[in-house]
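Data file: model18.cif. Format and content: mmCIF, C-alpha atoms.
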```
data_entry
#
loop_
_atom_site.label_atom_id
_atom_site.label_comp_id
_atom_site.auth_asym_id
_atom_site.auth_seq_id
_atom_site.Cartn_x
_atom_site.Cartn_y
_atom_site.Cartn_z
CA MET A 1 157.40 90.51 11.05
CA THR A 2 160.01 93.19 11.76
CA ASN A 3 159.24 95.72 14.50
CA LEU A 4 160.38 99.04 13.02
CA ILE A 5 161.42 100.45 16.39
CA ASP A 6 163.88 97.57 16.78
CA LEU A 7 165.91 98.95 13.86
CA THR A 8 168.76 101.43 13.94
CA PHE A 9 168.61 104.15 11.30
CA HIS A 10 171.02 102.28 9.05
CA GLU A 11 169.04 99.05 9.43
CA LEU A 12 165.87 100.92 8.52
CA GLU A 13 167.61 102.40 5.50
CA THR A 14 168.67 98.91 4.40
CA LEU A 15 165.08 97.70 4.72
CA ILE A 16 163.73 100.64 2.71
CA VAL A 17 166.25 100.07 -0.08
CA SER A 18 165.44 96.33 -0.12
CA LEU A 19 161.83 97.32 -0.86
CA GLY A 20 162.96 99.15 -3.98
CA GLU A 21 162.74 102.66 -2.51
CA PRO A 22 165.39 105.43 -2.41
CA PRO A 23 167.40 105.73 0.85
CA TYR A 24 166.01 109.17 1.72
CA ARG A 25 162.64 107.56 2.46
CA ALA A 26 164.21 106.08 5.58
CA ARG A 27 164.58 109.56 7.06
CA GLN A 28 160.88 110.23 6.55
CA VAL A 29 159.87 106.96 8.24
CA TRP A 30 162.40 107.51 11.04
CA GLN A 31 160.94 110.90 11.87
CA TRP A 32 157.44 109.43 12.01
CA LEU A 33 158.62 106.75 14.41
CA TRP A 34 160.61 108.89 16.83
CA GLN A 35 159.60 112.54 16.49
CA LYS A 36 155.89 112.00 15.93
CA GLY A 37 155.44 108.76 17.87
CA CYS A 38 153.53 107.13 15.02
CA ARG A 39 152.17 103.65 15.75
CA ASP A 40 150.46 102.97 12.40
CA ILE A 41 152.36 102.83 9.10
CA GLU A 42 149.22 103.94 7.24
CA LEU A 43 149.30 107.29 9.10
CA MET A 44 152.70 108.26 7.62
CA THR A 45 151.02 110.70 5.25
CA ASP A 46 154.10 112.08 3.47
CA VAL A 47 155.29 108.55 2.64
CA SER A 48 154.00 107.19 -0.67
CA LYS A 49 151.08 104.76 -0.59
CA ALA A 50 153.20 102.21 -2.42
CA LEU A 51 155.91 102.29 0.25
CA ARG A 52 153.37 102.20 3.05
CA ALA A 53 151.84 99.08 1.52
CA LYS A 54 155.23 97.39 1.12
CA LEU A 55 156.26 98.37 4.66
CA ALA A 56 153.02 97.03 6.11
CA GLU A 57 153.71 93.65 4.50
CA ALA A 58 157.25 93.47 5.90
CA ALA A 59 157.00 95.26 9.24
CA ASP A 60 154.86 96.71 11.98
CA ILE A 61 155.23 99.13 14.89
CA VAL A 62 154.86 97.53 18.31
CA TRP A 63 155.21 99.52 21.53
CA PRO A 64 155.21 97.86 24.95
CA GLU A 65 151.68 97.65 26.35
CA VAL A 66 150.90 99.62 29.49
CA VAL A 67 149.62 96.97 31.91
CA ARG A 68 149.60 99.10 35.04
CA VAL A 69 150.43 102.67 36.03
CA ARG A 70 151.01 103.92 39.54
CA GLU A 71 151.42 107.58 40.47
CA SER A 72 153.14 108.64 43.67
CA GLU A 73 152.24 111.63 45.79
CA ASP A 74 155.68 113.06 44.95
CA GLY A 75 155.00 112.89 41.20
CA THR A 76 156.92 109.69 40.46
CA VAL A 77 155.15 107.45 37.95
CA LYS A 78 155.80 103.72 37.61
CA PHE A 79 154.78 101.64 34.60
CA LEU A 80 154.46 97.90 34.32
CA LEU A 81 154.84 97.22 30.59
CA GLY A 82 153.78 94.07 28.81
CA LEU A 83 155.98 92.76 26.00
CA ALA A 84 154.90 90.85 22.89
CA ASP A 85 155.78 87.43 24.36
CA GLY A 86 153.84 87.99 27.56
CA GLU A 87 156.80 89.04 29.70
CA ALA A 88 156.69 92.30 31.65
CA VAL A 89 159.20 94.94 32.70
CA GLU A 90 159.16 98.18 34.64
CA CYS A 91 160.14 101.75 33.92
CA VAL A 92 159.81 104.84 36.07
CA LEU A 93 159.32 108.56 35.43
CA ILE A 94 161.03 110.64 38.12
CA PRO A 95 160.18 114.35 38.44
CA GLU A 96 163.08 116.76 38.81
CA LYS A 97 163.06 120.55 39.21
CA ASP A 98 162.69 121.38 35.51
CA HIS A 99 162.37 118.00 33.75
CA TYR A 100 161.62 114.31 34.10
CA THR A 101 164.15 111.50 34.24
CA GLY A 102 163.22 108.12 32.81
CA CYS A 103 164.60 105.01 34.53
CA LEU A 104 164.76 102.19 31.98
CA SER A 105 165.12 98.41 32.09
CA THR A 106 167.45 96.40 29.84
CA GLN A 107 166.56 92.80 30.70
CA VAL A 108 163.52 90.82 31.78
CA GLY A 109 164.69 89.84 35.24
CA CYS A 110 168.38 89.77 36.14
CA ALA A 111 171.11 87.17 36.55
CA MET A 112 173.29 89.14 38.99
CA GLY A 113 171.49 87.97 42.12
CA CYS A 114 172.03 91.06 44.30
CA GLY A 115 170.51 90.18 47.65
CA PHE A 116 168.83 93.56 48.20
CA CYS A 117 167.12 93.79 44.79
CA ALA A 118 163.56 92.68 44.07
CA THR A 119 164.45 92.05 40.43
CA GLY A 120 167.03 89.49 41.53
CA THR A 121 164.30 87.35 43.08
CA LEU A 122 162.72 86.95 39.63
CA GLY A 123 165.78 85.35 38.08
CA PHE A 124 166.83 86.00 34.50
CA ARG A 125 164.24 85.56 31.74
CA ARG A 126 165.78 87.15 28.63
CA ASN A 127 167.41 90.21 27.12
CA MET A 128 165.25 93.06 25.90
CA THR A 129 165.38 94.12 22.26
CA PRO A 130 166.33 97.67 21.23
CA GLY A 131 162.68 98.35 20.42
CA GLU A 132 161.58 97.19 23.86
CA MET A 133 164.15 99.44 25.54
CA LEU A 134 163.32 102.41 23.33
CA GLY A 135 159.62 101.66 23.67
CA GLN A 136 159.86 102.61 27.34
CA VAL A 137 160.88 106.12 26.26
CA LEU A 138 158.01 106.33 23.78
CA VAL A 139 155.46 105.19 26.37
CA ALA A 140 156.76 107.60 29.02
CA ARG A 141 156.84 110.54 26.60
CA GLN A 142 153.31 109.80 25.38
CA TYR A 143 152.08 109.61 28.97
CA LEU A 144 153.43 113.11 29.65
CA LEU A 145 151.90 114.44 26.42
CA ASN A 146 148.50 112.95 27.27
CA LYS A 147 148.58 114.60 30.68
CA GLY A 148 149.57 117.98 29.23
CA GLU A 149 152.63 117.91 31.49
CA PRO A 150 154.76 121.02 30.91
CA LEU A 151 157.98 119.31 31.97
CA ALA A 152 159.69 117.20 29.30
CA LEU A 153 161.49 113.87 29.52
CA ARG A 154 165.11 115.02 29.21
CA ASN A 155 167.30 112.56 31.11
CA LEU A 156 167.52 108.79 30.85
CA VAL A 157 169.13 106.37 33.27
CA PHE A 158 169.52 102.66 32.51
CA MET A 159 169.11 101.65 36.14
CA GLY A 160 165.97 99.53 35.98
CA MET A 161 165.61 95.78 35.69
CA GLY A 162 168.68 93.90 34.44
CA GLU A 163 172.42 94.39 34.00
CA PRO A 164 172.94 96.53 30.87
CA LEU A 165 176.39 95.14 30.02
CA LEU A 166 174.95 91.63 29.77
CA ASN A 167 172.79 92.92 26.91
CA TYR A 168 175.59 94.92 25.34
CA ASP A 169 174.90 94.68 21.60
CA ASN A 170 171.25 95.69 22.00
CA LEU A 171 172.26 98.42 24.46
CA ILE A 172 174.63 99.98 21.93
CA LYS A 173 171.95 99.93 19.22
CA THR A 174 169.56 101.59 21.67
CA LEU A 175 172.05 104.32 22.57
CA GLU A 176 172.80 105.00 18.89
CA SER A 177 169.08 105.37 18.15
CA LEU A 178 168.61 107.68 21.13
CA HIS A 179 171.31 109.99 19.79
CA HIS A 180 170.06 110.27 16.20
CA PRO A 181 169.43 113.99 15.46
CA GLN A 182 166.31 113.28 13.38
CA GLY A 183 164.94 111.06 16.12
CA LEU A 184 164.80 111.39 19.90
CA ASP A 185 168.05 113.40 19.82
CA PHE A 186 169.29 112.79 23.38
CA SER A 187 172.73 114.14 24.25
CA SER A 188 175.23 111.69 25.76
CA ARG A 189 175.37 114.03 28.77
CA ARG A 190 171.73 113.21 29.46
CA ILE A 191 172.07 109.42 29.36
CA THR A 192 173.59 107.33 32.16
CA VAL A 193 174.16 103.59 32.08
CA SER A 194 174.54 101.88 35.45
CA THR A 195 176.49 98.65 35.75
CA ALA A 196 177.28 96.42 38.71
CA GLY A 197 180.61 95.63 37.05
CA VAL A 198 180.93 93.18 34.17
CA LYS A 199 184.45 92.74 32.86
CA ARG A 200 183.45 92.13 29.29
CA HIS A 201 182.44 95.40 27.59
CA LEU A 202 183.05 97.65 30.61
CA LEU A 203 185.93 99.44 28.89
CA ASP A 204 184.17 99.21 25.54
CA LEU A 205 181.19 101.14 26.84
CA GLY A 206 183.38 103.67 28.65
CA LYS A 207 185.18 104.45 25.41
CA THR A 208 182.10 104.88 23.20
CA GLY A 209 181.20 108.35 24.44
CA LEU A 210 177.53 107.40 24.03
CA CYS A 211 176.66 107.83 27.70
CA ALA A 212 177.90 108.58 31.18
CA LEU A 213 178.84 105.55 33.27
CA ALA A 214 177.70 104.85 36.82
CA VAL A 215 178.99 101.92 38.87
CA SER A 216 176.73 100.16 41.35
CA LEU A 217 179.29 99.51 44.07
CA HIS A 218 177.33 99.08 47.32
CA ALA A 219 180.25 97.53 49.23
CA PRO A 220 183.76 98.80 50.03
CA THR A 221 185.46 95.37 50.24
CA GLN A 222 185.48 92.21 48.15
CA GLU A 223 184.20 90.18 51.10
CA GLN A 224 181.14 92.38 51.59
CA ARG A 225 180.49 92.51 47.86
CA GLU A 226 180.55 88.71 47.64
CA ARG A 227 177.98 88.57 50.42
CA ILE A 228 175.41 91.00 49.01
CA MET A 229 176.31 91.07 45.27
CA PRO A 230 177.48 87.55 44.37
CA GLY A 231 177.12 88.01 40.61
CA ALA A 232 178.99 91.30 40.47
CA ALA A 233 181.67 90.01 42.86
CA LYS A 234 182.85 87.53 40.21
CA LEU A 235 184.86 90.49 38.97
CA PRO A 236 187.23 91.15 41.91
CA LEU A 237 186.91 94.65 43.33
CA ASP A 238 190.57 95.52 42.74
CA GLU A 239 190.26 94.44 39.11
CA LEU A 240 187.07 96.46 38.70
CA ILE A 241 188.78 99.61 39.98
CA GLU A 242 191.78 99.01 37.72
CA LEU A 243 189.51 98.69 34.69
CA LEU A 244 187.71 101.89 35.63
CA ARG A 245 191.06 103.69 35.87
CA GLN A 246 191.51 103.03 32.15
CA ILE A 247 188.29 104.73 31.06
CA PRO A 248 189.07 108.09 29.42
CA LEU A 249 187.58 111.03 31.30
CA LYS A 250 187.31 114.69 30.40
CA PRO A 251 189.35 117.11 32.57
CA ARG A 252 186.49 117.91 34.97
CA GLU A 253 184.71 114.58 34.70
CA SER A 254 184.47 111.92 37.43
CA LEU A 255 183.10 108.41 37.62
CA THR A 256 179.88 108.07 39.60
CA PHE A 257 179.69 105.31 42.19
CA GLU A 258 176.29 104.34 43.56
CA TYR A 259 176.31 103.10 47.13
CA LEU A 260 173.13 101.67 48.64
CA LEU A 261 173.13 102.11 52.41
CA LEU A 262 171.85 99.01 54.22
CA ALA A 263 171.40 99.29 57.98
CA GLY A 264 173.98 97.24 59.87
CA ILE A 265 175.46 95.82 56.66
CA ASN A 266 177.56 98.48 54.93
CA ASP A 267 176.77 101.76 56.69
CA ALA A 268 179.32 101.81 59.55
CA ASP A 269 182.01 104.48 59.96
CA ALA A 270 184.59 101.81 59.15
CA ASP A 271 182.78 101.09 55.87
CA ALA A 272 182.92 104.77 54.96
CA ARG A 273 186.65 104.95 55.65
CA GLU A 274 187.24 101.79 53.60
CA LEU A 275 185.23 103.30 50.76
CA VAL A 276 187.43 106.40 50.83
CA ARG A 277 190.54 104.24 50.55
CA LEU A 278 189.11 102.24 47.66
CA LEU A 279 188.02 105.26 45.64
CA SER A 280 191.24 107.19 46.19
CA ARG A 281 192.54 105.30 43.15
CA VAL A 282 190.08 106.89 40.69
CA LYS A 283 188.39 110.23 40.03
CA ALA A 284 185.18 109.52 41.87
CA LYS A 285 181.98 110.99 43.18
CA VAL A 286 179.57 109.00 45.32
CA ASN A 287 175.80 108.88 45.08
CA LEU A 288 174.49 107.53 48.39
CA ILE A 289 171.12 105.79 48.15
CA VAL A 290 169.01 105.09 51.23
CA TYR A 291 167.51 101.61 50.97
CA ASN A 292 163.76 101.37 50.37
CA ALA A 293 162.45 98.40 52.35
CA THR A 294 161.24 95.60 50.04
CA PRO A 295 158.79 92.94 51.28
CA GLY A 296 160.45 89.57 51.63
CA LEU A 297 164.02 90.87 51.75
CA PRO A 298 165.97 90.98 55.05
CA PHE A 299 167.38 94.51 54.84
CA ARG A 300 166.51 97.70 56.68
CA GLN A 301 166.78 101.40 56.02
CA PRO A 302 169.46 103.20 58.06
CA SER A 303 168.49 106.13 60.24
CA PRO A 304 168.90 109.70 58.92
CA GLU A 305 171.64 110.22 61.53
CA ARG A 306 173.60 107.22 60.25
CA VAL A 307 173.26 108.41 56.65
CA PHE A 308 174.50 111.88 57.61
CA ALA A 309 177.48 110.48 59.54
CA PHE A 310 178.47 108.23 56.62
CA GLN A 311 178.26 111.11 54.17
CA GLU A 312 180.28 113.42 56.40
CA ILE A 313 183.17 110.95 56.59
CA LEU A 314 183.34 110.84 52.79
CA LYS A 315 183.15 114.61 52.46
CA ALA A 316 185.78 115.17 55.13
CA LYS A 317 188.19 113.10 53.02
CA GLY A 318 187.54 115.17 49.91
CA LEU A 319 185.00 112.96 48.14
CA VAL A 320 181.95 114.53 46.55
CA ALA A 321 179.11 112.62 48.19
CA THR A 322 175.42 113.33 47.67
CA VAL A 323 172.37 111.57 49.04
CA ARG A 324 169.79 110.65 46.44
CA LYS A 325 166.38 111.71 47.57
CA SER A 326 164.08 108.71 47.80
CA LYS A 327 161.02 108.94 45.59
CA GLY A 328 158.08 106.71 44.85
CA ALA A 329 158.17 104.64 48.04
CA ASP A 330 154.35 104.66 48.18
CA ILE A 331 154.06 103.02 44.74
CA ALA A 332 156.68 100.23 45.08
CA ALA A 333 159.08 102.20 42.89
CA ALA A 334 162.16 100.17 43.79
CA CYS A 335 163.28 98.08 40.84
CA GLY A 336 161.33 94.84 40.38
CA GLN A 337 158.77 95.42 43.12
CA LEU A 338 155.75 95.99 40.90
CA ARG A 339 156.59 93.06 38.62
CA ALA A 340 157.09 90.76 41.62
CA GLU A 341 153.89 92.01 43.22
CA THR A 342 151.96 91.35 40.03
CA GLU A 343 153.26 87.77 39.79
CA CYS A 344 152.73 87.05 43.50
CA PRO A 345 150.14 89.54 44.84
CA ALA A 346 149.74 89.94 48.56
CA ASP A 347 146.56 88.71 50.25
CA GLY A 348 143.68 90.81 49.02
CA GLY A 349 145.30 91.56 45.66
CA ALA A 350 147.35 94.47 44.43
#
```
As a first step, turn the structure in this file into structure tokens.
Amino acid sequence: MTNLIDLTFHELETLIVSLGEPPYRARQVWQWLWQKGCRDIELMTDVSKALRAKLAEAADIVWPEVVRVRESEDGTVKFLLGLADGEAVECVLIPEKDHYTGCLSTQVGCAMGCGFCATGTLGFRRNMTPGEMLGQVLVARQYLLNKGEPLALRNLVFMGMGEPLLNYDNLIKTLESLHHPQGLDFSSRRITVSTAGVKRHLLDLGKTGLCALAVSLHAPTQEQRERIMPGAAKLPLDELIELLRQIPLKPRESLTFEYLLLAGINDADADARELVRLLSRVKAKVNLIVYNATPGLPFRQPSPERVFAFQEILKAKGLVATVRKSKGADIAAACGQLRAETECPADGGA
């Protein structure tokens, strides 16, 4: 049985035509799926009964199941979503000043093995389908509608579980569906894909124009990167930077580099100066992230004074460097924490 939300518009059109219907019917069904959030083919009232019957025989509409929801005091909402095969992934709604940002997963687990990441402890299970990735958006949007939340879901970041470029074909289908004007209609300016650095498809994605690109760097030298990001470090740091230099940028556009500050690991003044040298080769801005302590992992959060000193070194050398405000710490909002907690609950349960 085909899940309709797994299909791009053109794939849906092909299915509709194969059922003996005119192509324009695809636009009607598409709008029901994405604009109206329909979950039952029979409720598509302006679609003929004959087509609804044929569609119901060939396809269904399956959203991820909400297994658990946690709401933070700061407004962050974390979902644990069950998939059709029994696997589970996480997505997060992050409140901003005038909108929400959705943080989406692309894989069940992750093969990159970053030492500081709870998802990495799960190992890699499988890639997510386009419908499973897009389903996170549908679930989050419906949650806000049910609550009567005045702020809309406007920005999307693929920074959840998994390495997006290792699920490239499904990622591209997902991005194309997100952009469709008769569907969710997200602008490329409002979608960011974060990668730890995978040689294959890195330039391909950068040239699509479907999204902004963010690079999870987290270390200023190859040696440090090998120590804390063994999977990503298979692409040498110098080669990564050279690839990024080839990505076409608009005149006032820069590449975003995410840098997770780990106390005593990569947060020294010398690390900041090395980072400046590394990024002098590209048009860069740095998003500093203060580590959220994760049970079972041997890393600590740096002090506010250390974070400030690190940022000031970058700024003094002309780099735009912001500190991402930590949100959702009281609900295990760091990637993979809720899934890991559900599989291996602490004494006394979750």
Non-local contacts of Lys97 in chain A (12 Å; only C-alpha atoms; under 3 positions in same chain excluded) as an NGL selection string: :A and (74-75 or 94 or 100-101 or 150-154)
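With CA of Thr8 in chain A on one side and CA of Ala88 in chain A on the other, the separation reads 23.3 Å.
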Using all atoms listed in the file: which of A:Leu319, A:Ala309, A:Ala219, A:Leu51 has the shortest distance to Asp271 in chain A: A:Ala219
The PyMOL selection byres ((chain A and resi 193) around 10) applied to the shown file, residues as number ranges by chain: A: 103-104, 156-160, 163-165, 171, 175, 191-192, 194-195, 205-206, 210-215
Explicit residue set for the PyMOL selection byres ((chain A and resi 256-263) around 7), as a ChimeraX atom specification: /A:213-218,254-255,264-267,284-291,299-302
Option closest in space to Gln28 in chain A, from A:Gly183, A:Gly209, A:Gly120, A:Gly318 [counting all atoms listed in the file]: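 Ranked by minimum distance to Gln28 in chain A, first place goes to A:Gly183.
Against this structure, the PyMOL selection byres ((chain A and resi 60) around 9) ends up with Met1, Thr2, Asn3, Leu4, Ile5, Arg39, Asp40, Ile41, Leu55, Ala56, Glu57, Ala58, Ala59, Ile61 and Val62 of chain A.
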Missing atoms in range 196-219 of chain A: fill them in up to N, CA and C atoms and send the result as a PDB file, in the coordinates of the input.
```pdb
ATOM      1  N   ALA A 196     176.740  96.967  37.461  1.00  0.00           N
ATOM      2  CA  ALA A 196     177.280  96.420  38.710  1.00  0.00           C
ATOM      3  C   ALA A 196     178.729  95.988  38.541  1.00  0.00           C
ATOM      4  N   GLY A 197     179.213  95.984  37.286  1.00  0.00           N
ATOM      5  CA  GLY A 197     180.610  95.630  37.050  1.00  0.00           C
ATOM      6  C   GLY A 197     180.749  94.313  36.326  1.00  0.00           C
ATOM      7  N   VAL A 198     180.745  94.361  35.005  1.00  0.00           N
ATOM      8  CA  VAL A 198     180.930  93.180  34.170  1.00  0.00           C
ATOM      9  C   VAL A 198     182.181  93.401  33.347  1.00  0.00           C
ATOM     10  N   LYS A 199     183.153  92.508  33.494  1.00  0.00           N
ATOM     11  CA  LYS A 199     184.450  92.740  32.860  1.00  0.00           C
ATOM     12  C   LYS A 199     184.336  92.929  31.360  1.00  0.00           C
ATOM     13  N   ARG A 200     183.611  92.023  30.719  1.00  0.00           N
ATOM     14  CA  ARG A 200     183.450  92.130  29.290  1.00  0.00           C
ATOM     15  C   ARG A 200     182.618  93.364  28.950  1.00  0.00           C
ATOM     16  N   HIS A 201     183.119  94.212  28.115  1.00  0.00           N
ATOM     17  CA  HIS A 201     182.440  95.400  27.590  1.00  0.00           C
ATOM     18  C   HIS A 201     182.487  96.620  28.508  1.00  0.00           C
ATOM     19  N   LEU A 202     183.009  96.485  29.725  1.00  0.00           N
ATOM     20  CA  LEU A 202     183.050  97.650  30.610  1.00  0.00           C
ATOM     21  C   LEU A 202     183.884  98.771  29.989  1.00  0.00           C
ATOM     22  N   LEU A 203     185.100  98.437  29.541  1.00  0.00           N
ATOM     23  CA  LEU A 203     185.930  99.440  28.890  1.00  0.00           C
ATOM     24  C   LEU A 203     185.349  99.850  27.539  1.00  0.00           C
ATOM     25  N   ASP A 204     184.771  98.894  26.831  1.00  0.00           N
ATOM     26  CA  ASP A 204     184.170  99.210  25.540  1.00  0.00           C
ATOM     27  C   ASP A 204     183.131 100.306  25.677  1.00  0.00           C
ATOM     28  N   LEU A 205     182.236 100.147  26.640  1.00  0.00           N
ATOM     29  CA  LEU A 205     181.190 101.140  26.840  1.00  0.00           C
ATOM     30  C   LEU A 205     181.783 102.482  27.255  1.00  0.00           C
ATOM     31  N   GLY A 206     182.759 102.444  28.171  1.00  0.00           N
ATOM     32  CA  GLY A 206     183.380 103.670  28.650  1.00  0.00           C
ATOM     33  C   GLY A 206     184.042 104.473  27.547  1.00  0.00           C
ATOM     34  N   LYS A 207     184.479 103.770  26.494  1.00  0.00           N
ATOM     35  CA  LYS A 207     185.180 104.450  25.410  1.00  0.00           C
ATOM     36  C   LYS A 207     184.266 104.911  24.275  1.00  0.00           C
ATOM     37  N   THR A 208     182.985 104.516  24.303  1.00  0.00           N
ATOM     38  CA  THR A 208     182.100 104.880  23.200  1.00  0.00           C
ATOM     39  C   THR A 208     181.730 106.356  23.188  1.00  0.00           C
ATOM     40  N   GLY A 209     181.664 106.964  24.368  1.00  0.00           N
ATOM     41  CA  GLY A 209     181.200 108.350  24.440  1.00  0.00           C
ATOM     42  C   GLY A 209     179.698 108.480  24.270  1.00  0.00           C
ATOM     43  N   LEU A 210     178.972 107.358  24.256  1.00  0.00           N
ATOM     44  CA  LEU A 210     177.530 107.400  24.030  1.00  0.00           C
ATOM     45  C   LEU A 210     176.740 107.728  25.294  1.00  0.00           C
ATOM     46  N   CYS A 211     177.376 107.657  26.451  1.00  0.00           N
ATOM     47  CA  CYS A 211     176.660 107.830  27.700  1.00  0.00           C
ATOM     48  C   CYS A 211     177.653 108.109  28.825  1.00  0.00           C
ATOM     49  N   ALA A 212     177.118 108.549  29.952  1.00  0.00           N
ATOM     50  CA  ALA A 212     177.900 108.580  31.180  1.00  0.00           C
ATOM     51  C   ALA A 212     177.797 107.201  31.835  1.00  0.00           C
ATOM     52  N   LEU A 213     178.798 106.867  32.632  1.00  0.00           N
ATOM     53  CA  LEU A 213     178.840 105.550  33.270  1.00  0.00           C
ATOM     54  C   LEU A 213     178.693 105.713  34.781  1.00  0.00           C
ATOM     55  N   ALA A 214     177.835 104.908  35.367  1.00  0.00           N
ATOM     56  CA  ALA A 214     177.700 104.850  36.820  1.00  0.00           C
ATOM     57  C   ALA A 214     177.941 103.412  37.265  1.00  0.00           C
ATOM     58  N   VAL A 215     178.625 103.249  38.373  1.00  0.00           N
ATOM     59  CA  VAL A 215     178.990 101.920  38.870  1.00  0.00           C
ATOM     60  C   VAL A 215     178.233 101.640  40.160  1.00  0.00           C
ATOM     61  N   SER A 216     177.449 100.575  40.147  1.00  0.00           N
ATOM     62  CA  SER A 216     176.730 100.160  41.350  1.00  0.00           C
ATOM     63  C   SER A 216     177.703  99.395  42.240  1.00  0.00           C
ATOM     64  N   LEU A 217     178.235 100.074  43.236  1.00  0.00           N
ATOM     65  CA  LEU A 217     179.290  99.510  44.070  1.00  0.00           C
ATOM     66  C   LEU A 217     178.723  98.801  45.295  1.00  0.00           C
ATOM     67  N   HIS A 218     178.112  99.579  46.185  1.00  0.00           N
ATOM     68  CA  HIS A 218     177.330  99.080  47.320  1.00  0.00           C
ATOM     69  C   HIS A 218     178.119  98.356  48.403  1.00  0.00           C
ATOM     70  N   ALA A 219     179.422  98.180  48.212  1.00  0.00           N
ATOM     71  CA  ALA A 219     180.250  97.530  49.230  1.00  0.00           C
ATOM     72  C   ALA A 219     181.688  98.002  49.045  1.00  0.00           C
TER      73      ALA A 219
END
```
